[in-house]
Amino acid sequence: MTGSTSDEILRCARSLLIQGGYNGFSYADIAKVVGIRNASIHHHFPSKSDLVRTLVARYREEAEAGIAALEQQVPDPARQLQAYIGYWEACIADSSAPFCLCALLASQIPVLPQDVTLEVRTHFRALSAWLASVLERGAAQGDLRFTGTARVEAEAFMAGVHGAMLSARAYGDPAIFGVITRPLLERLMAQH
């Protein structure tokens with residue numbers, strides 16, 4: 001089995017996870033979509049936990065690379081928050097990534113294996129730390145304002161974005177995401 005087949009297994013698992021959650025798919029489902037035998041999947045990912053842990057680790061790497069690119073391309077903190085929300089708004093609208101994989105898995109932590117849970121929590125900590133740094137820089141420049149600490153505001157912002165994803169999914173309406181997230185940005189960007 002080649003690396004590209006392994007990547008195809010991961011792509012398929014990601015799609016199935018977003019559609020139905022951790023317990024909503026099996027190796028047989030992946031084998032059918034990818035066109036391989038279950039044993040071939042087990043060769044690279046001995047257990048479902050190994051597969052999902054690897055998937056979440058890759059997802060985290062992609063998110064970190066995306067944030068690094070955003071930091072390079074958009075130096076303004078307020079614009080970084082806009083771009084972050086804009087990324088998700090586009091992904092939800094075109095169904096390319098209709099839900100954050102880690103947000104979905106976080107809702108399932110009680111049934112997840114411990115190694116997957118650790119990866120999900122690591123993602124949340126990294127995203128929260130980045131958002132807090134953006135908020136701190138924006139406040140120092142006078143472009144963003146909030147009450148309380150940047151850390152608490154980052155958690156609230158992250159929860160708002162993930163909640164907006166959930167609402168868009170619940171209503172079957174991608175536009176709901178923007179309806180919810182626009183006021184989040186407007187509140188932070190309000191002038192003194």
# chains A, B, ... in the order shown; residues from 1 in each chain; ligands from 1
$ residues_around --residues "A:Glu155" --least-positions-apart "4" --cutoff "12 Å" --atoms "only C-alpha atoms" --output "PyMOL selection string"
chain A and resi 124-133+135+148-151+159-163
$ closest_residue --among "A:Pro174, A:Gly21, A:Pro46, A:Pro77" --to "A:Ala140" --atoms "only C-alpha atoms"
A:Pro77
$ residues_around --residues "stretch 24-39 of chain A" --least-positions-apart "4" --cutoff "9 Å" --atoms "only C-alpha atoms" --output "ChimeraX atom specification"
/A:5,8-9,12-13,16-17,19-20,43,48
$ residues_around --residues "A:Glu89" --least-positions-apart "6" --cutoff "9 Å" --atoms "only C-alpha atoms" --output "list in words"
Pro98, Met165, Pro174, Ala175, Phe177 and Gly178 of chain A
$ write_last_selection --atoms "N, CA, C and O atoms" --output "PDB file, in the first residue's frame"
ATOM      1  N   PRO A  98     -17.596  21.336   6.220  1.00  0.00           N
ATOM      2  CA  PRO A  98     -18.768  21.934   6.847  1.00  0.00           C
ATOM      3  C   PRO A  98     -18.747  21.990   8.369  1.00  0.00           C
ATOM      4  O   PRO A  98     -19.627  22.592   8.970  1.00  0.00           O
ATOM      5  N   MET A 165     -21.194  26.961  13.678  1.00  0.00           N
ATOM      6  CA  MET A 165     -21.117  25.783  12.806  1.00  0.00           C
ATOM      7  C   MET A 165     -22.264  24.823  13.116  1.00  0.00           C
ATOM      8  O   MET A 165     -22.916  24.298  12.213  1.00  0.00           O
ATOM      9  N   PRO A 174     -26.262  27.223   5.515  1.00  0.00           N
ATOM     10  CA  PRO A 174     -24.920  27.764   5.709  1.00  0.00           C
ATOM     11  C   PRO A 174     -24.887  29.246   6.059  1.00  0.00           C
ATOM     12  O   PRO A 174     -23.971  29.711   6.739  1.00  0.00           O
ATOM     13  N   ALA A 175     -25.889  30.014   5.639  1.00  0.00           N
ATOM     14  CA  ALA A 175     -25.906  31.455   5.910  1.00  0.00           C
ATOM     15  C   ALA A 175     -26.017  31.755   7.404  1.00  0.00           C
ATOM     16  O   ALA A 175     -25.589  32.824   7.853  1.00  0.00           O
ATOM     17  N   PHE A 177     -24.274  30.634   9.720  1.00  0.00           N
ATOM     18  CA  PHE A 177     -22.932  30.818  10.273  1.00  0.00           C
ATOM     19  C   PHE A 177     -22.567  32.294  10.306  1.00  0.00           C
ATOM     20  O   PHE A 177     -22.147  32.823  11.332  1.00  0.00           O
ATOM     21  N   GLY A 178     -22.729  32.981   9.194  1.00  0.00           N
ATOM     22  CA  GLY A 178     -22.410  34.408   9.127  1.00  0.00           C
ATOM     23  C   GLY A 178     -23.331  35.262   9.980  1.00  0.00           C
ATOM     24  O   GLY A 178     -22.895  36.252  10.571  1.00  0.00           O
TER      25      GLY A 178
END
$ residues_around --residues "A:Arg79" --least-positions-apart "5" --cutoff "12 Å" --atoms "only C-alpha atoms" --output "PyMOL selection string"
chain A and resi 70-71+73-74+84-87+134-135+137-138+143-144+185-186+188-189
$ select_by_dssp --residues "stretch 34-186 of chain A" --states "alpha helix (DSSP H)" --output "number ranges by chain"
A: 34, 38-44, 48-73, 77-93, 101-106, 114-141, 150-171, 175-186
$ closest_atom_pairs --of "stretch 70-164 of chain A" --to "stretch 57-63 of chain A" --cutoff "10 Å" --atoms "only C-alpha atoms" --output "Markdown table"
| residue | atom | partner | partner_atom | distance |
| --- | --- | --- | --- | --- |
| A:Cys100 | CA | A:Tyr59 | CA | 9.4 |
| A:Leu101 | CA | A:Tyr59 | CA | 7.7 |
| A:Cys102 | CA | A:Tyr59 | CA | 8.3 |
| A:Val116 | CA | A:Ala57 | CA | 8.9 |
| A:Glu119 | CA | A:Ala57 | CA | 6.4 |
| A:Val120 | CA | A:Ala57 | CA | 8.4 |
| A:Thr122 | CA | A:Arg60 | CA | 8.3 |
| A:His123 | CA | A:Arg60 | CA | 5.9 |
| A:Phe124 | CA | A:Arg60 | CA | 9.4 |
| A:Ala126 | CA | A:Arg60 | CA | 8.8 |
| A:Leu127 | CA | A:Ala63 | CA | 8.5 |
$ closest_residue --among "A:Ile109, A:Leu184, A:Leu81, A:Ile18" --to "A:Ala97" --atoms "only C-alpha atoms"
A:Ile18
$ atom_distance --atom1 "atom CA of A:Ser49" --atom2 "atom CA of A:Ala170"
27.4 Å
$ atom_distance --atom1 "atom CA of A:Gly66" --atom2 "atom CA of A:Gly172"
26.7 Å
$ decode --residues "stretch 58-94 of chain A" --atoms "N, CA, C and O atoms" --output "short mmCIF file (atom, residue, chain, number, x, y, z; two decimals), in the first residue's frame"
data_model
loop_
_atom_site.label_atom_id
_atom_site.label_comp_id
_atom_site.auth_asym_id
_atom_site.auth_seq_id
_atom_site.Cartn_x
_atom_site.Cartn_y
_atom_site.Cartn_z
N ARG A 58 -3.07 15.09 11.94
CA ARG A 58 -2.90 15.76 10.65
C ARG A 58 -3.76 17.01 10.55
O ARG A 58 -3.35 18.03 10.01
N TYR A 59 -4.97 16.92 11.05
CA TYR A 59 -5.87 18.06 11.06
C TYR A 59 -5.24 19.21 11.85
O TYR A 59 -5.27 20.36 11.41
N ARG A 60 -4.65 18.89 13.00
CA ARG A 60 -3.97 19.90 13.80
C ARG A 60 -2.81 20.53 13.03
O ARG A 60 -2.61 21.74 13.07
N GLU A 61 -2.04 19.70 12.34
CA GLU A 61 -0.92 20.22 11.54
C GLU A 61 -1.43 21.16 10.45
O GLU A 61 -0.83 22.22 10.21
N GLU A 62 -2.51 20.78 9.79
CA GLU A 62 -3.10 21.63 8.75
C GLU A 62 -3.57 22.96 9.36
O GLU A 62 -3.36 24.02 8.77
N ALA A 63 -4.21 22.89 10.51
CA ALA A 63 -4.69 24.11 11.17
C ALA A 63 -3.52 25.01 11.56
O ALA A 63 -3.56 26.23 11.35
N GLU A 64 -2.47 24.42 12.10
CA GLU A 64 -1.28 25.20 12.48
C GLU A 64 -0.64 25.85 11.27
O GLU A 64 -0.22 27.01 11.31
N ALA A 65 -0.57 25.12 10.15
CA ALA A 65 -0.01 25.68 8.92
C ALA A 65 -0.89 26.80 8.40
O ALA A 65 -0.40 27.84 7.94
N GLY A 66 -2.20 26.62 8.49
CA GLY A 66 -3.12 27.66 8.05
C GLY A 66 -3.00 28.93 8.89
O GLY A 66 -3.00 30.04 8.35
N ILE A 67 -2.85 28.74 10.19
CA ILE A 67 -2.69 29.90 11.08
C ILE A 67 -1.36 30.60 10.80
O ILE A 67 -1.29 31.82 10.76
N ALA A 68 -0.30 29.83 10.57
CA ALA A 68 1.00 30.43 10.26
C ALA A 68 0.93 31.23 8.97
O ALA A 68 1.46 32.34 8.88
N ALA A 69 0.24 30.69 7.97
CA ALA A 69 0.09 31.41 6.69
C ALA A 69 -0.74 32.68 6.90
O ALA A 69 -0.42 33.74 6.35
N LEU A 70 -1.77 32.57 7.70
CA LEU A 70 -2.60 33.74 8.01
C LEU A 70 -1.79 34.82 8.70
O LEU A 70 -1.89 36.00 8.36
N GLU A 71 -0.95 34.41 9.65
CA GLU A 71 -0.09 35.37 10.35
C GLU A 71 0.84 36.09 9.36
O GLU A 71 1.10 37.28 9.52
N GLN A 72 1.35 35.36 8.37
CA GLN A 72 2.25 35.95 7.38
C GLN A 72 1.52 36.88 6.41
O GLN A 72 2.01 37.94 6.07
N GLN A 73 0.34 36.45 5.97
CA GLN A 73 -0.37 37.18 4.92
C GLN A 73 -1.22 38.33 5.43
O GLN A 73 -1.47 39.28 4.70
N VAL A 74 -1.68 38.22 6.67
CA VAL A 74 -2.58 39.22 7.23
C VAL A 74 -2.03 39.65 8.59
O VAL A 74 -2.34 39.05 9.60
N PRO A 75 -1.20 40.68 8.63
CA PRO A 75 -0.58 41.06 9.90
C PRO A 75 -1.52 41.73 10.90
O PRO A 75 -1.27 41.69 12.10
N ASP A 76 -2.61 42.31 10.43
CA ASP A 76 -3.54 43.04 11.30
C ASP A 76 -4.41 42.07 12.10
O ASP A 76 -5.10 41.23 11.51
N PRO A 77 -4.41 42.15 13.43
CA PRO A 77 -5.18 41.21 14.26
C PRO A 77 -6.68 41.19 13.96
O PRO A 77 -7.28 40.12 13.89
N ALA A 78 -7.29 42.34 13.77
CA ALA A 78 -8.73 42.36 13.47
C ALA A 78 -9.01 41.66 12.16
O ALA A 78 -9.97 40.90 12.03
N ARG A 79 -8.16 41.87 11.18
CA ARG A 79 -8.33 41.22 9.87
C ARG A 79 -8.06 39.71 9.99
O ARG A 79 -8.64 38.92 9.25
N GLN A 80 -7.19 39.31 10.89
CA GLN A 80 -6.95 37.88 11.11
C GLN A 80 -8.22 37.20 11.60
O GLN A 80 -8.57 36.10 11.14
N LEU A 81 -8.92 37.84 12.54
CA LEU A 81 -10.18 37.26 13.01
C LEU A 81 -11.21 37.20 11.89
O LEU A 81 -11.92 36.20 11.75
N GLN A 82 -11.26 38.24 11.07
CA GLN A 82 -12.17 38.24 9.92
C GLN A 82 -11.82 37.12 8.95
O GLN A 82 -12.71 36.43 8.46
N ALA A 83 -10.53 36.95 8.69
CA ALA A 83 -10.10 35.90 7.76
C ALA A 83 -10.39 34.51 8.32
O ALA A 83 -10.78 33.60 7.57
N TYR A 84 -10.20 34.33 9.62
CA TYR A 84 -10.50 33.04 10.25
C TYR A 84 -11.98 32.70 10.09
O TYR A 84 -12.34 31.61 9.65
N ILE A 85 -12.84 33.65 10.38
CA ILE A 85 -14.27 33.43 10.21
C ILE A 85 -14.61 33.26 8.73
O ILE A 85 -15.42 32.40 8.36
N GLY A 86 -13.98 34.05 7.88
CA GLY A 86 -14.21 33.94 6.44
C GLY A 86 -13.84 32.58 5.88
O GLY A 86 -14.52 32.04 5.00
N TYR A 87 -12.75 32.01 6.41
CA TYR A 87 -12.36 30.66 5.99
C TYR A 87 -13.48 29.67 6.28
O TYR A 87 -13.89 28.90 5.41
N TRP A 88 -13.97 29.69 7.51
CA TRP A 88 -15.02 28.74 7.88
C TRP A 88 -16.32 29.04 7.14
O TRP A 88 -17.04 28.11 6.75
N GLU A 89 -16.62 30.29 6.93
CA GLU A 89 -17.84 30.64 6.20
C GLU A 89 -17.80 30.05 4.79
O GLU A 89 -18.79 29.47 4.33
N ALA A 90 -16.65 30.17 4.13
CA ALA A 90 -16.51 29.61 2.78
C ALA A 90 -16.57 28.08 2.80
O ALA A 90 -17.24 27.48 1.95
N CYS A 91 -15.92 27.47 3.77
CA CYS A 91 -15.92 25.99 3.87
C CYS A 91 -17.32 25.44 4.12
O CYS A 91 -17.68 24.39 3.59
N ILE A 92 -18.09 26.15 4.93
CA ILE A 92 -19.45 25.71 5.23
C ILE A 92 -20.35 25.94 4.00
O ILE A 92 -21.15 25.08 3.65
N ALA A 93 -20.17 27.06 3.33
CA ALA A 93 -21.00 27.39 2.17
C ALA A 93 -20.80 26.40 1.03
O ALA A 93 -21.76 25.99 0.38
N ASP A 94 -19.53 26.02 0.78
CA ASP A 94 -19.28 25.10 -0.34
C ASP A 94 -19.19 23.64 0.09
O ASP A 94 -18.88 22.76 -0.72
#
